[in-house]
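Structure data (compact mmCIF, C-alpha atoms) from my_file_24.txt:
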# COMPACT_ATOMS: atom_id res chain seq x y z
CA MET A 186 0.00 0.00 0.00
CA ALA A 187 1.28 3.44 -0.88
CA GLY A 188 2.31 5.71 1.97
CA ALA A 189 0.67 8.97 2.88
CA SER A 190 1.21 11.87 0.48
CA HIS A 191 3.69 14.53 1.40
CA PRO A 192 1.75 17.49 2.91
CA GLY A 193 3.24 19.76 0.26
CA ALA A 194 2.48 17.42 -2.66
CA MET A 195 -0.11 19.75 -4.16
CA ALA A 196 1.81 22.96 -3.52
CA PRO A 197 2.75 25.02 -6.60
CA PRO A 198 6.41 24.67 -7.73
CA ILE A 199 7.00 28.36 -7.11
CA PRO A 200 5.75 29.46 -3.69
CA GLY A 201 3.45 32.44 -3.43
CA PRO A 202 0.20 33.40 -5.10
CA THR A 203 -0.33 32.20 -8.65
CA ARG A 204 0.05 34.90 -11.26
CA THR A 205 -3.29 35.40 -12.97
CA ALA A 206 -4.51 37.28 -16.02
CA PRO A 207 -6.79 40.16 -15.02
CA PRO A 208 -10.57 39.73 -15.28
CA ARG A 209 -12.08 40.74 -18.57
CA LYS A 210 -15.55 42.05 -19.32
CA PRO A 211 -17.53 40.04 -21.89
CA ALA A 212 -16.50 41.37 -25.29
CA SER A 213 -20.00 40.86 -26.66
CA TRP A 214 -21.74 43.19 -24.21
CA PRO A 215 -22.28 46.32 -26.27
CA SER A 216 -23.79 44.30 -29.11
CA HIS A 217 -25.72 41.71 -27.08
CA PRO A 218 -29.49 42.25 -27.48
CA ARG A 219 -30.15 41.95 -23.72
CA MET A 220 -27.37 44.42 -22.89
CA ARG A 221 -28.70 46.82 -25.51
CA VAL A 222 -32.09 46.76 -23.79
CA TYR A 223 -30.44 47.30 -20.40
CA THR A 224 -28.34 50.21 -21.75
CA LEU A 225 -31.46 51.72 -23.28
CA PHE A 226 -33.16 51.39 -19.91
CA GLY A 227 -30.26 53.27 -18.29
CA LEU A 228 -30.35 55.96 -20.98
CA THR A 229 -33.99 56.75 -20.24
CA GLY A 230 -32.66 58.39 -17.06
CA ILE A 231 -31.40 61.26 -19.27
CA VAL A 232 -34.91 61.70 -20.69
CA TYR A 233 -36.37 61.92 -17.17
CA LEU A 234 -33.71 64.41 -16.11
CA VAL A 235 -34.53 66.69 -19.06
CA LEU A 236 -38.25 66.17 -18.41
CA GLY A 237 -37.69 67.28 -14.80
CA PHE A 238 -36.01 70.50 -15.97
CA LEU A 239 -38.88 71.10 -18.41
CA CYS A 240 -41.40 70.71 -15.56
CA LEU A 241 -39.43 73.23 -13.50
CA ARG A 242 -39.47 75.65 -16.42
CA ILE A 243 -43.25 75.30 -16.76
CA VAL A 244 -43.81 75.78 -13.01
CA TRP A 245 -41.51 78.83 -13.09
CA ALA A 246 -43.54 80.28 -16.01
CA LEU A 247 -46.73 79.71 -14.03
CA GLY A 248 -45.32 81.83 -11.24
CA GLN A 249 -44.32 84.63 -13.65
CA GLY A 250 -47.86 85.41 -14.73
CA GLU A 251 -50.24 84.78 -17.60
CA ALA A 252 -48.05 86.22 -20.36
CA ALA A 253 -45.09 84.00 -19.45
CA TRP A 254 -47.38 80.98 -19.21
CA ASP A 255 -48.88 81.64 -22.66
CA THR A 256 -45.41 82.08 -24.18
CA THR A 257 -44.23 78.80 -22.64
CA MET A 258 -47.33 76.96 -23.84
CA ALA A 259 -46.88 78.40 -27.32
CA SER A 260 -43.27 77.21 -27.37
CA MET A 261 -44.49 73.67 -26.75
CA SER A 262 -45.82 73.53 -30.32
CA ASN A 263 -42.21 73.65 -31.52
CA PRO A 264 -41.43 70.38 -33.37
CA PHE A 265 -38.45 69.85 -31.07
CA TYR A 266 -40.72 69.77 -28.00
CA ILE A 267 -43.25 67.55 -29.75
CA ALA A 268 -40.49 65.11 -30.65
CA PHE A 269 -39.17 65.23 -27.10
CA HIS A 270 -42.63 64.45 -25.72
CA TRP A 271 -42.90 61.45 -28.02
CA VAL A 272 -39.49 60.23 -26.80
CA SER A 273 -40.65 60.76 -23.19
CA LEU A 274 -43.86 58.81 -23.80
CA LEU A 275 -41.96 55.91 -25.35
CA SER A 276 -39.45 55.99 -22.47
CA VAL A 277 -42.21 55.83 -19.87
CA ILE A 278 -43.92 52.94 -21.66
CA PHE A 279 -40.60 51.08 -22.06
CA VAL A 280 -39.60 51.52 -18.40
CA GLY A 281 -43.13 50.75 -17.22
CA VAL A 282 -43.34 47.49 -19.17
CA ARG A 283 -39.86 46.45 -18.01
CA PHE A 284 -40.67 47.32 -14.41
CA PHE A 285 -43.98 45.43 -14.54
CA ARG A 286 -42.23 42.37 -16.00
CA LEU A 287 -39.67 42.27 -13.19
CA PHE A 288 -41.79 43.53 -10.28
CA PRO A 289 -43.84 40.38 -9.48
CA LYS A 290 -40.83 38.15 -8.78
CA ALA A 291 -39.24 40.77 -6.52
CA GLN A 292 -42.12 40.45 -4.07
CA PRO A 293 -41.28 38.93 -0.68
CA ALA A 294 -42.32 35.28 -0.39
CA ARG A 295 -44.52 36.27 2.55
CA ILE A 296 -45.14 39.10 5.00
CA GLY A 297 -46.13 37.41 8.26
CA PRO A 298 -49.00 35.10 7.40
CA LEU A 299 -49.69 36.88 4.09
CA LYS A 300 -48.44 35.48 0.79
CA PRO A 301 -48.42 37.54 -2.43
CA PRO A 302 -51.04 36.72 -5.06
CA PRO A 303 -49.96 34.80 -8.19
CA ARG A 304 -47.56 36.68 -10.44
CA SER A 305 -50.08 36.89 -13.28
CA LEU A 306 -52.59 38.56 -10.96
CA ILE A 307 -49.97 41.10 -9.79
CA LEU A 308 -49.26 41.86 -13.44
CA VAL A 309 -52.95 42.39 -14.23
CA MET A 310 -53.33 44.66 -11.17
CA LEU A 311 -50.30 46.75 -12.18
CA TYR A 312 -51.59 47.30 -15.72
CA CYS A 313 -55.08 48.13 -14.40
CA VAL A 314 -53.64 50.74 -12.01
CA TRP A 315 -51.50 52.18 -14.82
CA ILE A 316 -54.45 52.48 -17.18
CA GLY A 317 -56.64 53.87 -14.37
CA VAL A 318 -54.11 56.54 -13.30
CA THR A 319 -53.46 57.49 -16.94
CA ALA A 320 -57.20 57.84 -17.56
CA LEU A 321 -57.53 59.99 -14.42
CA PHE A 322 -54.74 62.34 -15.51
CA VAL A 323 -56.14 62.57 -19.03
CA ALA A 324 -59.54 63.47 -17.56
CA ILE A 325 -57.96 66.18 -15.37
CA LEU A 326 -55.85 67.61 -18.22
CA MET A 327 -58.84 67.62 -20.61
CA GLY A 328 -60.85 69.54 -18.02
CA GLY A 329 -63.25 66.69 -17.41
CA LEU A 330 -62.92 66.77 -13.60
CA PHE A 331 -61.89 70.29 -12.58
CA ARG A 332 -62.98 73.39 -14.45
CA MET B 462 -18.11 9.13 -36.71
CA SER B 463 -17.75 12.83 -37.42
CA ASP B 464 -20.56 14.80 -39.08
CA SER B 465 -18.60 17.97 -39.91
CA THR B 466 -15.74 20.17 -38.76
CA LYS B 467 -15.75 23.34 -36.67
CA LYS B 468 -13.13 25.91 -35.71
CA PHE B 469 -12.62 26.67 -32.05
CA VAL B 470 -10.94 29.92 -31.08
CA ILE B 471 -9.83 29.25 -27.52
CA THR B 472 -8.31 31.67 -25.03
CA ARG B 473 -4.92 30.51 -23.78
CA PHE B 474 -2.87 31.79 -20.87
CA ASP B 475 0.19 30.20 -19.28
CA PRO B 476 1.17 32.16 -16.14
CA ASP B 477 4.79 30.97 -16.50
CA LYS B 478 5.19 32.11 -20.12
CA ASP B 479 2.50 34.51 -21.29
CA GLU B 480 2.41 38.20 -20.44
CA GLU B 481 -1.26 38.34 -21.35
CA VAL B 482 -4.00 36.09 -22.70
CA ARG B 483 -3.81 34.98 -26.34
CA THR B 484 -6.01 32.83 -28.57
CA GLN B 485 -5.33 29.58 -30.34
CA THR B 486 -7.47 28.11 -33.11
CA TYR B 487 -8.23 24.41 -33.48
CA GLU B 488 -10.18 22.85 -36.31
CA ILE B 489 -11.67 19.53 -35.30
CA PRO B 490 -14.23 16.99 -36.55
CA VAL B 491 -17.43 17.25 -34.50
CA GLN B 492 -20.56 15.15 -34.11
CA SER B 493 -24.08 16.55 -34.28
CA ASP B 494 -25.01 15.39 -30.78
CA TRP B 495 -21.95 16.87 -29.06
CA LYS B 496 -22.07 19.41 -26.29
CA VAL B 497 -19.47 22.19 -26.29
CA LEU B 498 -17.58 20.35 -23.52
CA ASP B 499 -17.22 17.28 -25.77
CA ALA B 500 -15.34 19.41 -28.29
CA ILE B 501 -13.05 20.91 -25.63
CA ASN B 502 -12.35 17.43 -24.24
CA PHE B 503 -11.59 16.19 -27.76
CA ILE B 504 -9.04 18.99 -28.23
CA LYS B 505 -7.49 18.23 -24.84
CA ASP B 506 -7.37 14.44 -25.42
CA GLU B 507 -6.49 14.27 -29.12
CA ILE B 508 -4.78 17.50 -30.18
CA ASP B 509 -3.32 19.59 -27.39
CA GLY B 510 -2.81 18.10 -23.93
CA THR B 511 -1.62 21.43 -22.56
CA LEU B 512 -5.10 22.95 -22.73
CA SER B 513 -6.50 23.42 -19.22
CA HIS B 514 -10.18 23.51 -18.34
CA ARG B 515 -12.41 22.40 -15.47
CA TRP B 516 -15.14 19.83 -15.77
CA SER B 517 -16.49 16.91 -13.78
CA CYS B 518 -20.03 15.54 -13.85
CA ARG B 519 -21.13 16.21 -17.48
CA MET B 520 -24.75 16.50 -16.33
CA ALA B 521 -25.11 20.12 -15.19
CA VAL B 522 -24.85 19.30 -11.51
CA CYS B 523 -21.27 20.08 -10.43
CA GLY B 524 -21.08 23.58 -11.94
CA SER B 525 -17.42 23.18 -12.93
CA CYS B 526 -17.51 23.67 -16.69
CA GLY B 527 -18.80 27.24 -16.94
CA MET B 528 -17.12 29.18 -19.77
CA MET B 529 -17.89 31.98 -22.19
CA VAL B 530 -19.18 30.45 -25.42
CA ASP B 531 -19.41 33.03 -28.20
CA GLY B 532 -19.49 35.74 -25.53
CA GLU B 533 -22.26 34.24 -23.39
CA PRO B 534 -21.65 32.47 -20.05
CA LYS B 535 -22.68 28.83 -20.48
CA LEU B 536 -22.38 25.47 -18.77
CA THR B 537 -20.50 23.75 -21.57
CA CYS B 538 -21.77 20.28 -20.66
CA LYS B 539 -25.36 21.48 -21.19
CA THR B 540 -24.82 23.59 -24.30
CA ALA B 541 -25.43 21.90 -27.64
CA LEU B 542 -22.64 22.54 -30.11
CA ALA B 543 -25.10 22.33 -33.00
CA SER B 544 -26.59 25.68 -32.01
CA TYR B 545 -23.34 27.49 -32.94
CA GLY B 546 -21.82 28.38 -36.29
CA ASP B 547 -18.70 27.07 -37.99
CA THR B 548 -16.43 29.05 -35.65
CA VAL B 549 -16.98 28.94 -31.88
CA ARG B 550 -15.17 31.28 -29.49
CA ILE B 551 -14.40 29.78 -26.08
CA GLU B 552 -13.10 32.01 -23.27
CA PRO B 553 -12.75 31.69 -19.51
CA LEU B 554 -15.65 33.12 -17.51
CA ALA B 555 -15.71 36.91 -17.74
CA ASN B 556 -15.18 39.05 -14.64
CA PHE B 557 -12.83 36.49 -13.04
CA PRO B 558 -9.03 36.46 -13.08
CA THR B 559 -7.65 33.65 -15.26
CA VAL B 560 -5.35 31.12 -13.62
CA ARG B 561 -4.60 29.21 -16.80
CA ASP B 562 -6.35 28.90 -20.20
CA LEU B 563 -10.04 28.37 -19.36
CA VAL B 564 -9.56 28.00 -15.59
CA VAL B 565 -10.55 30.97 -13.45
CA GLU B 566 -9.54 32.05 -9.96
CA MET B 567 -12.37 31.28 -7.50
CA ASP B 568 -10.96 32.60 -4.20
CA GLY B 569 -12.82 35.92 -4.25
CA PHE B 570 -16.05 34.11 -5.09
CA MET B 571 -15.62 31.69 -2.19
CA ASP B 572 -14.90 34.56 0.22
CA LYS B 573 -18.14 36.24 -0.84
CA PHE B 574 -19.98 32.99 -0.18
CA LYS B 575 -18.59 32.70 3.34
CA SER B 576 -19.53 36.29 4.17
CA VAL B 577 -23.29 35.52 3.97
CA LYS B 578 -22.96 32.68 6.52
CA PRO B 579 -24.48 29.94 4.33
CA TRP B 580 -25.43 27.58 7.10
CA ILE B 581 -28.33 27.24 9.54
CA ILE B 582 -27.84 29.54 12.50
CA ARG B 583 -29.75 28.72 15.68
CA ALA B 584 -29.95 30.86 18.81
CA LYS B 585 -29.85 27.60 20.77
CA GLU B 586 -29.19 24.19 19.24
CA GLN B 587 -31.93 21.62 19.82
CA ALA B 588 -30.72 18.54 21.72
CA ALA B 589 -30.41 15.40 19.58
CA GLU B 590 -33.04 13.56 21.65
CA GLU B 591 -35.58 16.26 20.83
CA GLY B 592 -35.48 15.04 17.23
CA THR B 593 -34.90 16.80 13.92
CA TYR B 594 -36.04 20.26 12.96
CA ARG B 595 -39.30 19.73 11.11
CA GLN B 596 -40.57 21.66 8.15
CA THR B 597 -43.83 21.70 6.21
CA PRO B 598 -43.81 21.38 2.39
CA ASP B 599 -44.98 25.00 2.27
CA GLU B 600 -41.99 26.13 4.35
CA LEU B 601 -39.66 24.13 2.10
CA GLN B 602 -41.18 25.71 -0.98
CA ALA B 603 -40.32 29.20 0.34
CA PHE B 604 -36.59 28.67 -0.30
CA LYS B 605 -36.28 25.51 -2.42
CA GLN B 606 -35.77 27.37 -5.70
CA PHE B 607 -32.80 29.29 -4.28
CA SER B 608 -31.18 26.13 -2.93
CA MET B 609 -30.81 24.70 -6.46
CA CYS B 610 -27.71 26.84 -7.15
CA ILE B 611 -24.70 24.77 -8.28
CA ASN B 612 -22.13 27.59 -7.81
CA CYS B 613 -21.26 27.62 -11.50
CA MET B 614 -20.52 31.38 -11.34
CA LEU B 615 -22.24 32.11 -14.67
CA CYS B 616 -24.30 34.79 -12.93
CA TYR B 617 -21.11 36.64 -11.88
CA SER B 618 -19.90 36.57 -15.46
CA ALA B 619 -23.16 38.00 -16.74
CA CYS B 620 -23.65 40.66 -14.07
CA PRO B 621 -22.85 44.22 -15.24
CA VAL B 622 -22.50 45.34 -11.60
CA VAL B 623 -19.82 42.71 -10.88
CA ALA B 624 -17.99 43.88 -14.02
CA ASN B 625 -17.87 47.45 -12.77
CA GLU B 626 -17.67 46.87 -9.00
CA PRO B 627 -15.64 43.68 -8.41
CA GLU B 628 -16.30 43.95 -4.66
CA PHE B 629 -20.07 43.52 -5.24
CA LEU B 630 -21.26 40.53 -3.21
CA GLY B 631 -22.93 39.19 -6.34
CA PRO B 632 -26.02 37.19 -7.32
CA ALA B 633 -25.17 33.66 -6.16
CA ALA B 634 -23.90 34.69 -2.71
CA ILE B 635 -26.93 36.90 -2.07
CA ALA B 636 -29.28 34.18 -3.33
CA LEU B 637 -27.62 31.71 -0.97
CA GLY B 638 -27.88 34.06 2.00
CA HIS B 639 -31.51 34.72 1.13
CA ARG B 640 -32.12 30.98 0.87
CA TYR B 641 -31.07 30.58 4.54
CA ASN B 642 -33.05 33.67 5.58
CA MET B 643 -36.16 32.03 4.09
CA ASP B 644 -35.50 28.71 5.82
CA SER B 645 -37.96 28.21 8.71
CA ARG B 646 -35.26 26.32 10.69
CA ASP B 647 -32.89 29.28 10.61
CA GLU B 648 -32.64 32.09 13.14
CA GLY B 649 -29.75 34.03 11.61
CA ALA B 650 -31.62 36.42 9.32
CA ALA B 651 -30.66 39.47 11.41
CA GLU B 652 -26.93 38.68 11.04
CA ARG B 653 -27.21 38.16 7.28
CA ASN B 654 -29.40 41.23 6.79
CA GLU B 655 -26.67 43.25 8.47
CA VAL B 656 -24.29 41.95 5.77
CA PHE B 657 -26.90 42.72 3.10
CA ARG B 658 -27.24 46.32 4.28
CA GLY B 659 -23.49 46.89 3.95
CA GLU B 660 -21.57 48.53 1.12
CA GLY B 661 -21.52 46.65 -2.21
CA THR B 662 -24.34 44.24 -1.42
CA VAL B 663 -28.03 44.02 -2.31
CA PHE B 664 -28.54 47.74 -2.90
CA SER B 665 -25.73 47.83 -5.48
CA CYS B 666 -27.87 45.60 -7.72
CA SER B 667 -29.46 47.59 -10.56
CA TYR B 668 -31.80 44.71 -11.47
CA ALA B 669 -30.36 44.07 -14.91
CA ASN B 670 -31.75 40.54 -14.52
CA GLU B 671 -28.80 39.12 -16.47
CA CYS B 672 -28.02 36.64 -13.66
CA SER B 673 -31.44 35.03 -14.02
CA GLU B 674 -31.22 35.02 -17.80
CA VAL B 675 -28.03 32.93 -17.80
CA CYS B 676 -28.72 30.72 -14.76
CA PRO B 677 -28.67 27.09 -16.00
CA LYS B 678 -30.72 25.85 -13.03
CA ASN B 679 -33.50 28.49 -13.07
CA VAL B 680 -32.57 29.65 -9.57
CA ASP B 681 -33.59 33.22 -10.46
CA PRO B 682 -30.94 35.03 -8.39
CA ALA B 683 -32.35 38.43 -9.44
CA ALA B 684 -35.57 37.58 -7.59
CA ALA B 685 -33.56 36.56 -4.50
CA VAL B 686 -31.51 39.79 -4.55
CA ASN B 687 -34.59 41.97 -4.85
CA GLN B 688 -36.53 40.05 -2.22
CA ALA B 689 -33.48 40.38 0.02
CA LYS B 690 -33.57 44.17 -0.48
CA PHE B 691 -37.14 44.25 0.84
CA ASN B 692 -36.34 41.98 3.80
CA ALA B 693 -33.22 44.01 4.71
CA VAL B 694 -35.30 47.21 4.81
CA VAL B 695 -38.06 45.55 6.86
CA ASP B 696 -35.46 44.19 9.28
CA TRP B 697 -33.80 47.63 9.59
CA THR B 698 -37.16 49.31 10.23
CA THR B 699 -38.11 46.68 12.82
CA GLN B 700 -34.80 47.24 14.61
CA LEU B 701 -35.45 50.97 14.61
CA VAL B 702 -38.87 50.53 16.22
CA LEU B 703 -38.03 47.54 18.40
CA PRO B 704 -34.29 47.54 19.13
CA ARG B 705 -33.00 44.01 19.77
CA GLY B 706 -32.93 43.00 23.41
CA GLU B 707 -35.57 45.59 24.31
CA GLU B 708 -38.69 44.01 22.79
Translate this file's structure into structure tokens.
Amino acid sequence: MAGASHPGAMAPPIPGPTRTAPPRKPASWPSHPRMRVYTLFGLTGIVYLVLGFLCLRIVWALGQGEAAWDTTMASMSNPFYIAFHWVSLLSVIFVGVRFFRLFPKAQPARIGPLKPPPRSLILVMLYCVWIGVTALFVAILMGGLFR
Amino acid sequence: MSDSTKKFVITRFDPDKDEEVRTQTYEIPVQSDWKVLDAINFIKDEIDGTLSHRWSCRMAVCGSCGMMVDGEPKLTCKTALASYGDTVRIEPLANFPTVRDLVVEMDGFMDKFKSVKPWIIRAKEQAAEEGTYRQTPDELQAFKQFSMCINCMLCYSACPVVANEPEFLGPAAIALGHRYNMDSRDEGAAERNEVFRGEGTVFSCSYANECSEVCPKNVDPAAAVNQAKFNAVVDWTTQLVLPRGEE
């Protein structure tokens, strides 16, 4: 029967930590479809930042009086603003759909004795709330609720 | 009997000779039912014995044979070769230092695992004569999915946060910690949640969901990370209202 192995039998020939090649990021990332979607998701942050500044500008105009408000509203018919609003709408829909897709599985398995409803039901509830809130805002903006 | 031939562009690195990684191309006969690992083993056995790679079970259980196949982290024993073109690029897992050829350094990964205390913590151990800790099927179901992880590290290779913040605890370690937090036999959630609330842990996750996309065992680490975020906040709030030892 063979004897016990030497305690240093598996030690590297040169003592010390093994020299390694540095970690590399996946070369395919920028072109990978999933990474493109994720990058696009990150880029929507810029749209929201600009949208925030635009809201501040509108609120500021409101505080400056009727003339400033009318001028600001008139400037909104500029094709640049119309295009920006379309981009904003698409961004909100894109982020909303992505968020709704990922939200159900992020729910805690239970809170005390309560368990979350099935994922499909959470999804239906989210879309219903989204449609409901959108309808409410449209009604307010169209003057249907407050005159 | 071979069906056709394919080219394999494989990353090579010899720490005793190479300054940096290089690639070597092999053209070999392949069979239509081969997995990617079969081709790498063929190269190792028949063409170039110096090629180093890890593998063991060949049935997607041991988690040893994870590599980048055409830029995507894959378990090579589970990935059909037929789904790739005439040229296949094989690299070591991304985001890990390379020890040699396709073998990556796992020390950092193992340290991250240990930091989440992946064992059952009890305030007081039950005496053996009191029997085993019992669990209902419902209680088992709460964490079973997260216990299916085989530590293949594909999720670390896919994670954009790991790529940019190497100190990030990462999907598999968080999923494992969460698995024990969800275990009805465990009483160590407060300790692990303290780890989870630290720098570079659950709140560093930007929910790219890449970890779940590449997971070969459908563990869904992204779900675990985001559930762990909620639990860490609840635990922090509870501590604020009811400090430990004063309830």
Kindly determine which residues of chain A lie within 8 Å of chain B, considering only C-alpha atoms, and give the answer as JSON, numbers by chain.
-> {"A": [203, 204, 205, 206, 207, 208, 209, 210, 211, 212, 213, 214, 219, 223, 290, 291, 292, 293, 294]}
So how far away is atom CA of Ala543 of chain B from atom CA of Lys496 of chain B, in Å?
->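 Spanning atom CA of Lys496 of chain B to atom CA of Ala543 of chain B is a straight-line distance of 7.9 Å.
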Suppose you want the space between atom CA of Pro632 of chain B and atom CA of Ala651 of chain B; what is it in Å?
-> 19.4 Å
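Relative to atom CA of Glu652 of chain B, atom CA of Lys605 of chain B is found at 21.0 Å.
The shortest atom-to-atom distance to Leu287 of chain A, with all atoms listed in the file taken into account, belongs to B:Ser673 out of B:Trp580, B:Ser673, B:Val491, B:Asp696.
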Residue among B:Leu701, B:Cys523, B:Val497, B:Ile489 lying closest to Asp509 of chain B, counting only C-alpha atoms |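 Closest to Asp509 of chain B of all the choices is B:Ile489.
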All residues 10 Å or closer to Ala584 of chain B, only C-alpha atoms, same chain fewer than 3 positions away omitted, as a ChimeraX atom specification = /B:587,647-649
Could you please give me, as a ChimeraX atom specification, the residues of protein, DNA or RNA lying at most 10 Å from (-22.5, 19.5, -34.2) in the coordinate frame of the file, considering all atoms listed in the file?
-> /B:463-467,490-497,500,541-547
Selection file, C-alpha atoms, as a short mmCIF file (atom, residue, chain, number, x, y, z; two decimals), in the coordinates of the input:
data_model
loop_
_atom_site.label_atom_id
_atom_site.label_comp_id
_atom_site.auth_asym_id
_atom_site.auth_seq_id
_atom_site.Cartn_x
_atom_site.Cartn_y
_atom_site.Cartn_z
CA SER B 463 -17.75 12.83 -37.42
CA ASP B 464 -20.56 14.80 -39.08
CA SER B 465 -18.60 17.97 -39.91
CA THR B 466 -15.74 20.17 -38.76
CA LYS B 467 -15.75 23.34 -36.67
CA PRO B 490 -14.23 16.99 -36.55
CA VAL B 491 -17.43 17.25 -34.50
CA GLN B 492 -20.56 15.15 -34.11
CA SER B 493 -24.08 16.55 -34.28
CA ASP B 494 -25.01 15.39 -30.78
CA TRP B 495 -21.95 16.87 -29.06
CA LYS B 496 -22.07 19.41 -26.29
CA VAL B 497 -19.47 22.19 -26.29
CA ALA B 500 -15.34 19.41 -28.29
CA ALA B 541 -25.43 21.90 -27.64
CA LEU B 542 -22.64 22.54 -30.11
CA ALA B 543 -25.10 22.33 -33.00
CA SER B 544 -26.59 25.68 -32.01
CA TYR B 545 -23.34 27.49 -32.94
CA GLY B 546 -21.82 28.38 -36.29
CA ASP B 547 -18.70 27.07 -37.99
#
Hey, what's within 10 Å of His514 of chain B if we count all atoms listed in the file and toss same-chain stuff fewer than 4 positions away? As a ChimeraX atom specification, please?
-> /B:498,501-502,505,525-528,553,561-565
Determine, counting only C-alpha atoms, which protein, DNA and RNA residues have an atom within 7 Å of an atom of segment 270-281 of chain A; residues of the same chain fewer than 5 positions away are not included. Present the result as a PDB file with C-alpha atoms, keeping the file's coordinate frame.
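Output below, filename result-v9.pdb:
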ATOM      1  CA  PHE A 226     -33.160  51.390 -19.910  1.00  0.00           C
ATOM      2  CA  THR A 229     -33.990  56.750 -20.240  1.00  0.00           C
ATOM      3  CA  VAL A 232     -34.910  61.700 -20.690  1.00  0.00           C
TER       4      VAL A 232
END
